[in-house]
$ cat entry-v7.cif   # mmCIF, C-alpha atoms
data_work
loop_
_atom_site.label_atom_id
_atom_site.label_comp_id
_atom_site.auth_asym_id
_atom_site.auth_seq_id
_atom_site.Cartn_x
_atom_site.Cartn_y
_atom_site.Cartn_z
CA MET A 1 142.25 89.65 93.51
CA LYS A 2 145.00 91.30 91.48
CA ALA A 3 142.64 91.70 88.51
CA VAL A 4 140.03 93.32 90.74
CA ASN A 5 142.56 95.80 92.11
CA VAL A 6 143.80 96.69 88.63
CA LEU A 7 140.18 97.36 87.67
CA PHE A 8 139.84 99.79 90.55
CA ALA A 9 143.12 101.45 89.58
CA THR A 10 141.76 102.05 86.07
CA PHE A 11 138.85 103.97 87.57
CA SER A 12 141.21 106.49 89.20
CA SER A 13 141.79 108.19 85.83
CA SER A 14 138.29 109.71 86.01
CA LEU A 15 138.38 110.69 89.68
CA ALA A 16 139.19 114.35 89.19
CA ALA A 17 136.19 114.95 86.96
CA MET A 18 133.79 112.59 88.68
CA ALA A 19 132.27 114.69 91.51
CA PRO A 20 131.31 117.78 89.47
CA ALA A 21 130.09 115.56 86.67
CA ILE A 22 127.70 113.72 88.96
CA THR A 23 126.40 116.65 90.97
CA GLY A 24 127.27 119.96 89.34
CA ALA A 25 126.45 121.44 92.74
CA SER A 26 128.32 123.88 94.94
CA ASP A 27 129.66 122.94 98.37
CA ASP A 28 127.35 125.48 100.00
CA ASP A 29 124.17 124.33 98.31
CA PRO A 30 124.04 120.75 96.97
CA TRP A 31 120.60 121.43 95.49
CA ALA A 32 121.68 124.49 93.47
CA ARG A 33 121.83 122.78 90.09
CA PHE A 34 118.71 120.81 90.92
CA ARG A 35 116.75 124.03 91.29
CA ASP A 36 118.34 125.57 88.20
CA LEU A 37 116.94 122.79 86.02
CA ALA A 38 113.52 124.42 86.08
CA LYS A 39 110.56 123.62 83.91
CA ASN A 40 109.26 126.29 81.55
CA ASP A 41 106.73 127.30 84.15
CA GLU A 42 107.20 130.47 86.16
CA ASP A 43 105.29 128.96 89.10
CA SER A 44 107.47 125.86 89.28
CA ASN A 45 110.95 125.04 90.57
CA LEU A 46 110.90 121.44 89.39
CA PRO A 47 113.82 120.06 87.39
CA ASP A 48 113.51 119.41 83.68
CA LEU A 49 114.98 115.91 83.50
CA CYS A 50 112.72 114.33 80.90
CA GLY A 51 111.11 116.54 78.28
CA GLY A 52 109.97 119.21 80.73
CA CYS A 53 109.18 116.76 83.54
CA HIS A 54 111.01 115.83 86.76
CA CYS A 55 110.28 112.13 86.13
CA ILE A 56 109.44 109.70 83.30
CA PRO A 57 105.65 109.60 82.81
CA ALA A 58 104.07 106.19 82.43
CA LEU A 59 103.03 104.84 79.05
CA LYS A 60 99.40 105.25 78.09
CA LYS A 61 97.44 102.05 77.73
CA LYS A 62 97.14 100.97 74.13
CA LYS A 63 93.68 100.83 72.62
CA LYS A 64 92.50 97.47 71.41
CA LYS A 65 93.20 96.80 67.75
CA SER A 66 90.35 97.11 65.35
CA LYS A 67 89.43 93.70 63.95
CA THR A 68 88.86 95.27 60.53
CA ASN A 69 92.31 96.88 60.39
CA THR A 70 94.76 94.38 61.87
CA MET A 71 97.42 95.12 59.23
CA ALA A 72 97.69 98.83 60.02
CA PRO A 73 101.16 99.97 61.17
CA GLN A 74 101.56 100.30 64.94
CA LYS A 75 101.98 103.82 66.26
CA PRO A 76 104.60 104.36 68.98
CA ALA A 77 103.19 104.32 72.49
CA LYS A 78 102.49 107.71 74.00
CA ARG A 79 103.24 108.73 77.56
CA LYS A 80 100.98 110.35 80.12
CA LYS A 81 101.36 113.98 81.15
CA CYS A 82 103.83 115.02 83.83
CA PRO A 83 102.26 114.91 87.32
CA LYS A 84 100.85 118.18 88.58
CA LYS A 85 102.98 120.20 90.96
CA LYS A 86 100.85 119.33 93.98
CA LYS A 87 101.65 115.64 93.42
CA VAL A 88 105.41 116.19 93.33
CA PRO A 89 107.56 115.42 96.40
CA VAL A 90 109.08 118.23 98.43
CA THR A 91 112.56 119.16 97.19
CA ASP A 92 113.66 121.65 99.84
CA TYR A 93 113.91 120.76 103.53
CA PRO A 94 115.09 123.51 105.91
CA PRO A 95 118.23 122.80 107.98
CA GLU A 96 116.27 122.71 111.24
CA VAL A 97 114.09 119.87 109.91
CA VAL A 98 117.17 117.88 108.88
CA GLN A 99 118.74 118.46 112.30
CA ILE A 100 115.64 117.28 114.17
CA LEU A 101 115.63 114.08 112.12
CA ARG A 102 119.34 113.59 112.73
CA ASP A 103 118.92 113.96 116.49
CA GLN A 104 115.97 111.61 116.85
CA THR A 105 116.97 108.39 118.62
CA MET A 106 115.90 104.90 117.61
CA ASN A 107 114.64 102.83 120.57
CA THR A 108 114.37 99.51 118.75
CA PHE A 109 115.40 98.43 115.27
CA LEU A 110 112.87 95.95 113.87
CA GLY A 111 112.31 94.55 117.35
CA SER A 112 116.00 94.43 118.27
CA ASP A 113 117.98 96.69 120.59
CA VAL A 114 120.84 97.08 118.11
CA GLN A 115 121.30 97.77 114.41
CA VAL A 116 123.49 94.96 113.08
CA PRO A 117 125.17 95.47 109.66
CA CYS A 118 124.51 92.70 107.15
CA VAL A 119 125.57 91.53 103.68
CA PRO A 120 123.50 90.65 100.59
CA THR A 121 123.25 87.10 99.30
CA SER A 122 125.72 87.68 96.46
CA LEU A 123 129.04 89.49 96.96
CA PRO A 124 131.87 90.33 94.50
CA PRO A 125 135.21 88.49 95.01
CA ALA A 126 136.81 91.50 96.68
CA LEU A 127 134.23 91.31 99.50
CA GLY A 128 134.16 87.54 99.94
CA PRO A 129 135.54 87.62 103.52
CA LEU A 130 132.60 89.79 104.64
CA ALA A 131 130.27 86.82 104.20
CA ASP A 132 132.05 85.09 107.09
CA GLN A 133 131.97 88.18 109.31
CA LEU A 134 128.42 89.50 108.97
CA PRO A 135 124.96 87.88 108.86
CA LYS A 136 123.01 87.77 105.61
CA CYS A 137 120.45 90.55 105.26
CA SER A 138 117.83 88.02 104.15
CA ASP A 139 118.21 86.26 107.54
CA LEU A 140 118.24 89.45 109.58
CA LEU A 141 115.66 91.76 108.02
CA ILE A 142 111.90 91.34 107.73
CA ASP A 143 110.30 91.19 104.29
CA GLY A 144 106.81 92.64 104.54
CA GLY A 145 105.84 91.90 100.95
CA ASP A 146 105.17 94.00 97.86
CA ASP A 147 102.91 96.52 99.61
CA ALA A 148 105.06 96.93 102.72
CA VAL A 149 106.05 100.29 104.16
CA CYS A 150 108.58 101.27 106.80
CA GLY A 151 107.18 103.27 109.70
CA LEU A 152 108.61 105.40 112.48
CA ASN A 153 106.48 104.76 115.54
CA TYR A 154 107.19 107.87 117.59
CA ASP A 155 107.25 108.02 121.38
CA TYR A 156 105.11 110.96 122.52
CA SER A 157 105.21 110.08 126.22
CA ALA A 158 108.15 112.35 127.06
CA LEU A 159 106.76 115.49 125.41
CA PRO A 160 105.88 118.47 127.66
CA GLU A 161 102.28 118.82 128.81
CA GLU A 162 101.73 121.87 126.61
CA CYS A 163 102.26 119.63 123.58
CA GLY A 164 99.39 117.35 124.59
CA SER A 165 96.87 119.10 122.38
CA LYS A 166 99.11 118.67 119.35
CA SER A 167 98.24 115.09 118.61
CA ARG A 168 99.31 113.49 115.38
CA GLY A 169 95.80 113.55 114.00
CA SER A 170 95.28 117.24 114.69
CA ARG A 171 98.48 118.04 112.80
CA SER A 172 97.64 116.23 109.58
CA LYS A 173 97.72 119.48 107.62
CA SER A 174 101.21 120.17 108.93
CA ARG A 175 102.36 116.78 107.66
CA ALA A 176 101.25 117.63 104.16
CA SER A 177 102.76 121.11 104.22
CA SER A 178 106.00 121.78 102.36
CA THR A 179 106.74 125.00 104.26
CA PHE A 180 107.32 123.54 107.75
CA ASP A 181 106.52 126.99 109.19
CA ASP A 182 104.45 125.58 112.04
CA ILE A 183 107.01 123.13 113.42
CA ASP A 184 107.58 123.58 117.14
CA GLU A 185 110.91 121.91 117.92
CA GLY A 186 109.97 121.64 121.61
CA CYS A 187 107.05 119.42 120.65
CA CYS A 188 108.94 117.07 118.32
CA PRO A 189 109.27 113.49 119.59
CA ALA A 190 112.87 112.58 120.42
CA SER A 191 112.70 108.81 119.87
CA TYR A 192 110.91 106.15 117.86
CA ASP A 193 110.67 102.45 117.08
CA LEU A 194 111.36 101.27 113.54
CA LYS A 195 108.82 98.82 112.20
CA THR A 196 107.83 97.14 108.92
CA TYR A 197 104.10 97.15 108.11
CA ILE A 198 102.48 94.99 105.46
CA ASN A 199 100.76 98.04 103.94
CA LYS A 200 100.01 101.73 104.48
CA LYS A 201 96.67 100.99 106.12
CA GLU A 202 98.32 98.95 108.89
CA ALA A 203 100.90 101.68 109.48
CA LYS A 204 98.16 104.29 109.79
CA LYS A 205 96.26 102.06 112.23
CA ASP A 206 99.37 101.89 114.42
CA ASP A 207 99.80 105.69 114.26
CA ALA A 208 103.18 105.26 112.55
CA PHE A 209 104.72 107.83 110.21
CA ILE A 210 105.73 106.24 106.89
CA THR A 211 109.38 107.07 106.22
CA HIS A 212 109.66 105.11 102.97
CA GLU A 213 107.88 102.54 100.84
CA GLY A 214 109.09 98.96 101.14
CA SER A 215 110.24 97.02 104.20
CA CYS A 216 112.58 98.58 106.77
CA GLY A 217 116.32 98.02 106.49
CA GLN A 218 119.74 99.35 107.31
CA CYS A 219 119.10 102.88 105.93
CA SER A 220 115.58 103.32 107.32
CA THR A 221 116.53 105.30 110.44
CA ALA A 222 115.69 108.99 110.80
CA LYS A 223 119.42 109.71 111.02
CA ASP A 224 120.00 108.07 107.63
CA LEU A 225 117.04 109.97 106.16
CA ALA A 226 118.65 113.20 107.38
CA ALA A 227 121.88 112.16 105.65
CA TYR A 228 120.03 111.47 102.38
CA ILE A 229 118.33 114.88 102.49
CA ASP A 230 121.40 116.79 103.63
CA ALA A 231 123.67 115.37 100.90
CA GLY A 232 121.17 116.07 98.14
CA ASN A 233 122.63 115.43 94.70
CA ASP A 234 126.12 115.17 96.20
CA LEU A 235 125.34 111.77 97.71
CA PRO A 236 126.70 109.54 94.89
CA ALA A 237 129.88 111.61 94.66
CA LYS A 238 130.44 111.57 98.43
CA VAL A 239 130.27 107.76 98.45
CA SER A 240 132.38 107.30 95.32
CA ASN A 241 135.02 109.78 96.43
CA CYS A 242 135.51 107.87 99.67
CA PHE A 243 136.40 104.82 97.63
CA PHE A 244 138.84 106.55 95.31
CA GLN A 245 140.49 108.59 98.06
CA ASN A 246 141.19 105.49 100.15
CA ALA A 247 141.87 102.75 97.58
CA ASP A 248 145.39 101.81 96.51
CA LEU A 249 145.41 103.13 92.95
CA THR A 250 148.40 100.97 91.98
CA GLY A 251 146.22 97.89 92.15
CA ASN A 252 148.69 96.07 94.42
CA VAL A 253 146.73 96.24 97.70
CA PRO A 254 143.07 95.23 98.09
CA PRO A 255 140.78 98.17 98.93
CA ASP A 256 140.18 98.32 102.68
CA PHE A 257 136.44 97.94 103.23
CA GLU A 258 136.45 99.33 106.79
CA VAL A 259 138.50 102.41 105.85
CA ILE A 260 136.17 103.23 102.96
CA LYS A 261 133.07 102.58 105.07
CA ASN A 262 134.32 104.84 107.89
CA CYS A 263 135.04 107.57 105.34
CA ILE A 264 131.44 107.31 104.12
CA ILE A 265 130.18 107.56 107.70
CA GLY A 266 132.28 110.67 108.30
CA THR A 267 131.31 112.27 105.01
CA THR A 268 127.58 111.55 104.98
CA GLY A 269 126.56 110.95 108.58
CA PHE A 270 125.17 107.48 107.80
CA THR A 271 124.72 104.90 110.53
CA ASN A 272 127.11 101.94 110.48
CA GLY A 273 124.53 99.64 108.91
CA CYS A 274 123.60 102.08 106.15
CA ALA A 275 127.24 102.89 105.38
CA THR A 276 127.90 99.15 105.06
CA ALA A 277 125.15 98.86 102.41
CA TRP A 278 126.49 101.85 100.46
CA THR A 279 130.08 100.58 100.63
CA ILE A 280 129.03 97.19 99.28
CA ASP A 281 127.09 98.99 96.53
CA ILE A 282 130.13 100.95 95.31
CA PHE A 283 132.28 97.80 95.33
CA ILE A 284 129.70 95.92 93.24
CA THR A 285 129.23 98.84 90.83
CA LEU A 286 132.95 99.29 90.21
CA THR A 287 133.43 95.55 89.77
CA ALA A 288 130.48 94.73 87.52
CA CYS A 289 129.85 98.02 85.71
CA SER A 290 133.38 99.30 85.10
CA GLU A 291 133.22 99.83 81.34
CA PRO A 292 129.96 101.82 81.06
CA CYS A 293 130.58 103.76 84.27
CA LEU A 294 134.01 105.11 83.26
CA ALA A 295 132.48 107.41 80.68
CA ALA A 296 129.50 108.27 82.88
CA PHE A 297 131.68 109.21 85.87
CA SER A 298 133.80 111.40 83.60
CA GLY A 299 130.74 113.43 82.68
CA MET A 300 130.79 112.35 79.03
CA ILE A 301 127.31 110.83 79.05
CA PRO A 302 124.09 112.33 80.52
CA ASN A 303 122.13 110.36 83.11
CA ASN A 304 119.16 109.96 80.77
CA GLY A 305 118.60 109.77 77.03
CA PRO A 306 116.17 111.96 75.09
CA ALA A 307 112.47 112.35 75.82
CA PRO A 308 109.89 110.95 75.83
CA ASP A 309 111.40 107.64 77.02
CA CYS A 310 114.46 109.18 78.74
CA PRO A 311 116.29 105.82 79.14
CA LEU A 312 118.99 105.49 81.78
CA ASN A 313 122.57 105.58 80.52
CA ASP A 314 124.44 102.26 80.40
CA CYS A 315 126.14 102.84 83.76
CA LEU A 316 122.88 103.48 85.59
CA GLN A 317 121.19 100.58 83.82
CA CYS A 318 124.01 98.28 84.90
CA ASN A 319 123.78 99.55 88.46
CA GLU A 320 120.01 99.07 88.42
CA LEU A 321 120.25 95.48 87.19
CA ILE A 322 123.29 94.25 89.11
CA ALA A 323 124.04 96.44 92.14
CA MET A 324 120.54 97.64 93.10
CA PRO A 325 119.10 94.22 94.07
CA ALA A 326 121.98 93.70 96.51
CA PHE A 327 121.61 97.26 97.82
CA LEU A 328 117.89 96.78 98.45
CA GLU A 329 118.56 93.59 100.39
CA GLY A 330 120.27 95.62 103.07
CA ALA A 331 119.63 99.35 102.76
CA ARG A 332 115.96 99.14 101.76
CA ARG A 333 115.74 102.96 101.66
CA THR A 334 116.35 104.69 98.32
CA ARG A 335 115.81 108.29 97.39
CA ARG A 336 112.93 107.23 95.15
CA ASN A 337 110.98 105.21 97.71
CA SER A 338 111.57 108.00 100.24
CA GLY A 339 110.04 110.65 97.98
CA LEU A 340 113.37 112.39 97.38
CA LEU A 341 114.25 113.54 93.87
CA SER A 342 117.67 113.34 92.24
CA GLU A 343 119.28 114.38 88.94
CA VAL A 344 118.31 111.04 87.41
CA ALA A 345 114.88 110.91 85.80
CA ARG A 346 113.03 107.87 87.13
CA PRO A 347 109.55 106.52 86.36
CA CYS A 348 107.01 108.83 88.01
CA GLU A 349 105.19 105.90 89.62
CA SER A 350 108.40 104.80 91.37
CA ILE A 351 108.76 108.06 93.32
CA ALA A 352 106.88 107.96 96.63
CA ARG A 353 104.78 110.91 97.74
CA ILE A 354 106.07 111.49 101.26
CA THR A 355 106.68 114.77 103.09
CA HIS A 356 109.12 114.10 105.93
CA ASN A 357 107.80 116.01 108.91
CA PRO A 358 109.88 115.25 112.03
CA CYS A 359 107.04 116.40 114.28
CA PRO A 360 104.04 114.39 113.01
#
$ encode --input "entry-v7.cif" --output "structure tokens"
Amino acid sequence: MKAVNVLFATFSSSLAAMAPAITGASDDDPWARFRDLAKNDEDSNLPDLCGGCHCIPALKKKKKKSKTNTMAPQKPAKRKKCPKKKKVPVTDYPPEVVQILRDQTMNTFLGSDVQVPCVPTSLPPALGPLADQLPKCSDLLIDGGDDAVCGLNYDYSALPEECGSKSRGSRSKSRASSTFDDIDEGCCPASYDLKTYINKKEAKKDDAFITHEGSCGQCSTAKDLAAYIDAGNDLPAKVSNCFFQNADLTGNVPPDFEVIKNCIIGTTGFTNGCATAWTIDIFITLTACSEPCLAAFSGMIPNNGPAPDCPLNDCLQCNELIAMPAFLEGARRTRRNSGLLSEVARPCESIARITHNPCP
């Protein structure tokens, strides 16, 4: 335990520079830098994260080798073009949309009346006691399979009579709109059930609104979605700062999980279950990825390498390989599978195309 605490103390040296390095955003507008990273296209406000693209285009399929020229040198694989603007997720959500999502109440969570926090199968030594206090996420949460989606099944029964003509089907164009000009707050459903569907077709059959790709989990609620959107690119820094501000930097006292988790709840607006997943994630990252993340948190290394491959830096690769599997066990919602962009270039095919309309 002492060694773990000393490791956390070492991280404190980069705390002062960490938040601006990660976000580069102002307190008033967490998406400011995101919008400044514009492509060389006067009609676009998309960030240039990977050679003029907001994401990493997929590799083109290689042509079959010619049987008569098998000894010819192999050319490097080329990548596809950046997706057209109409295929890019919405980056700006007005405050009123975020507030509606935040206020929507969950009736049932995956068939249960309560949202119970859980822990992943594997925990770092510093979090060992949690395994005796909380159920395993694999025992608690439903796994709908590779094509699963998480749906919000809204309750329209309590809406005023004048909203009756505004059925979900008749508002399909509104769902696809990125302007949200036609949202009538008085006709937005106030509650929903959270449910995992085996695929998009089943969710559509059940008249559910897909809130993210993959099975539902601890961060799948509308309130947690609002927190993701509201924090913007400040989200990693908000979580990390809660750790550093509340950990004993001398390395003599173990970091208090509950104190750090409650800080994250207060800073982000996450539900208890989602904050638990994010707190576990920061513990795992700082334990397993200390060396590569020191430089990254200090702003010395960019998130991605040069185009066209734009590889993740060593810190993000470590997080992806070691911390992300545990995070997905519980949280299930990521910015990528929710169709929310960040300052990290990710494979284009991994970013869902979802416009979050709170009044579907």
$ residues_around --input "entry-v7.cif" --residues "A:Lys61" --least-positions-apart "5" --cutoff "9 Å" --atoms "only C-alpha atoms" --output "JSON, numbers by chain"
{"A": [77, 78, 79]}
$ closest_atom_pairs --input "entry-v7.cif" --of "stretch 73-155 of chain A" --to "stretch 228-238 of chain A" --cutoff "12 Å" --atoms "only C-alpha atoms" --output "tab-separated table"
residue	atom	partner	partner_atom	distance
A:Val90	CA	A:Ile229	CA	10.6
A:Thr91	CA	A:Ile229	CA	8.9
A:Asp92	CA	A:Ile229	CA	8.6
A:Tyr93	CA	A:Ile229	CA	7.4
A:Pro94	CA	A:Asp230	CA	9.5
A:Pro95	CA	A:Asp230	CA	8.1
A:Glu96	CA	A:Asp230	CA	10.9
A:Val97	CA	A:Ile229	CA	9.9
A:Val98	CA	A:Asp230	CA	6.8
A:Gln99	CA	A:Asp230	CA	9.2
A:Leu101	CA	A:Ile229	CA	10.0
A:Arg102	CA	A:Asp230	CA	9.9
$ write_last_selection --input "entry-v7.cif" --atoms "C-alpha atoms" --output "short mmCIF file (atom, residue, chain, number, x, y, z; two decimals), in the coordinates of the input"
data_model
loop_
_atom_site.label_atom_id
_atom_site.label_comp_id
_atom_site.auth_asym_id
_atom_site.auth_seq_id
_atom_site.Cartn_x
_atom_site.Cartn_y
_atom_site.Cartn_z
CA VAL A 90 109.08 118.23 98.43
CA THR A 91 112.56 119.16 97.19
CA ASP A 92 113.66 121.65 99.84
CA TYR A 93 113.91 120.76 103.53
CA PRO A 94 115.09 123.51 105.91
CA PRO A 95 118.23 122.80 107.98
CA GLU A 96 116.27 122.71 111.24
CA VAL A 97 114.09 119.87 109.91
CA VAL A 98 117.17 117.88 108.88
CA GLN A 99 118.74 118.46 112.30
CA LEU A 101 115.63 114.08 112.12
CA ARG A 102 119.34 113.59 112.73
#
$ residues_around --input "entry-v7.cif" --residues "A:Phe257" --least-positions-apart "3" --cutoff "10 Å" --atoms "all atoms listed in the file" --output "CSV table (one decimal) with C-alpha atoms, in the frame of the given file"
chain,number,residue,atom,x,y,z
A,126,ALA,CA,136.8,91.5,96.7
A,127,LEU,CA,134.2,91.3,99.5
A,130,LEU,CA,132.6,89.8,104.6
A,243,PHE,CA,136.4,104.8,97.6
A,246,ASN,CA,141.2,105.5,100.2
A,247,ALA,CA,141.9,102.8,97.6
A,254,PRO,CA,143.1,95.2,98.1
A,260,ILE,CA,136.2,103.2,103.0
A,261,LYS,CA,133.1,102.6,105.1
A,262,ASN,CA,134.3,104.8,107.9
A,263,CYS,CA,135.0,107.6,105.3
A,276,THR,CA,127.9,99.2,105.1
A,279,THR,CA,130.1,100.6,100.6
A,280,ILE,CA,129.0,97.2,99.3
A,283,PHE,CA,132.3,97.8,95.3
$ closest_residue --input "entry-v7.cif" --among "A:Cys359, A:Ala275, A:Val344, A:Val114" --to "A:Asn303" --atoms "all atoms listed in the file"
A:Val344
$ atom_distance --input "entry-v7.cif" --atom1 "atom CA of A:Pro89" --atom2 "atom CA of A:Asn357"
12.5 Å
$ closest_residue --input "entry-v7.cif" --among "A:Leu194, A:Leu59, A:Ile210, A:Ala148" --to "A:Gln115" --atoms "all atoms listed in the file"
A:Leu194
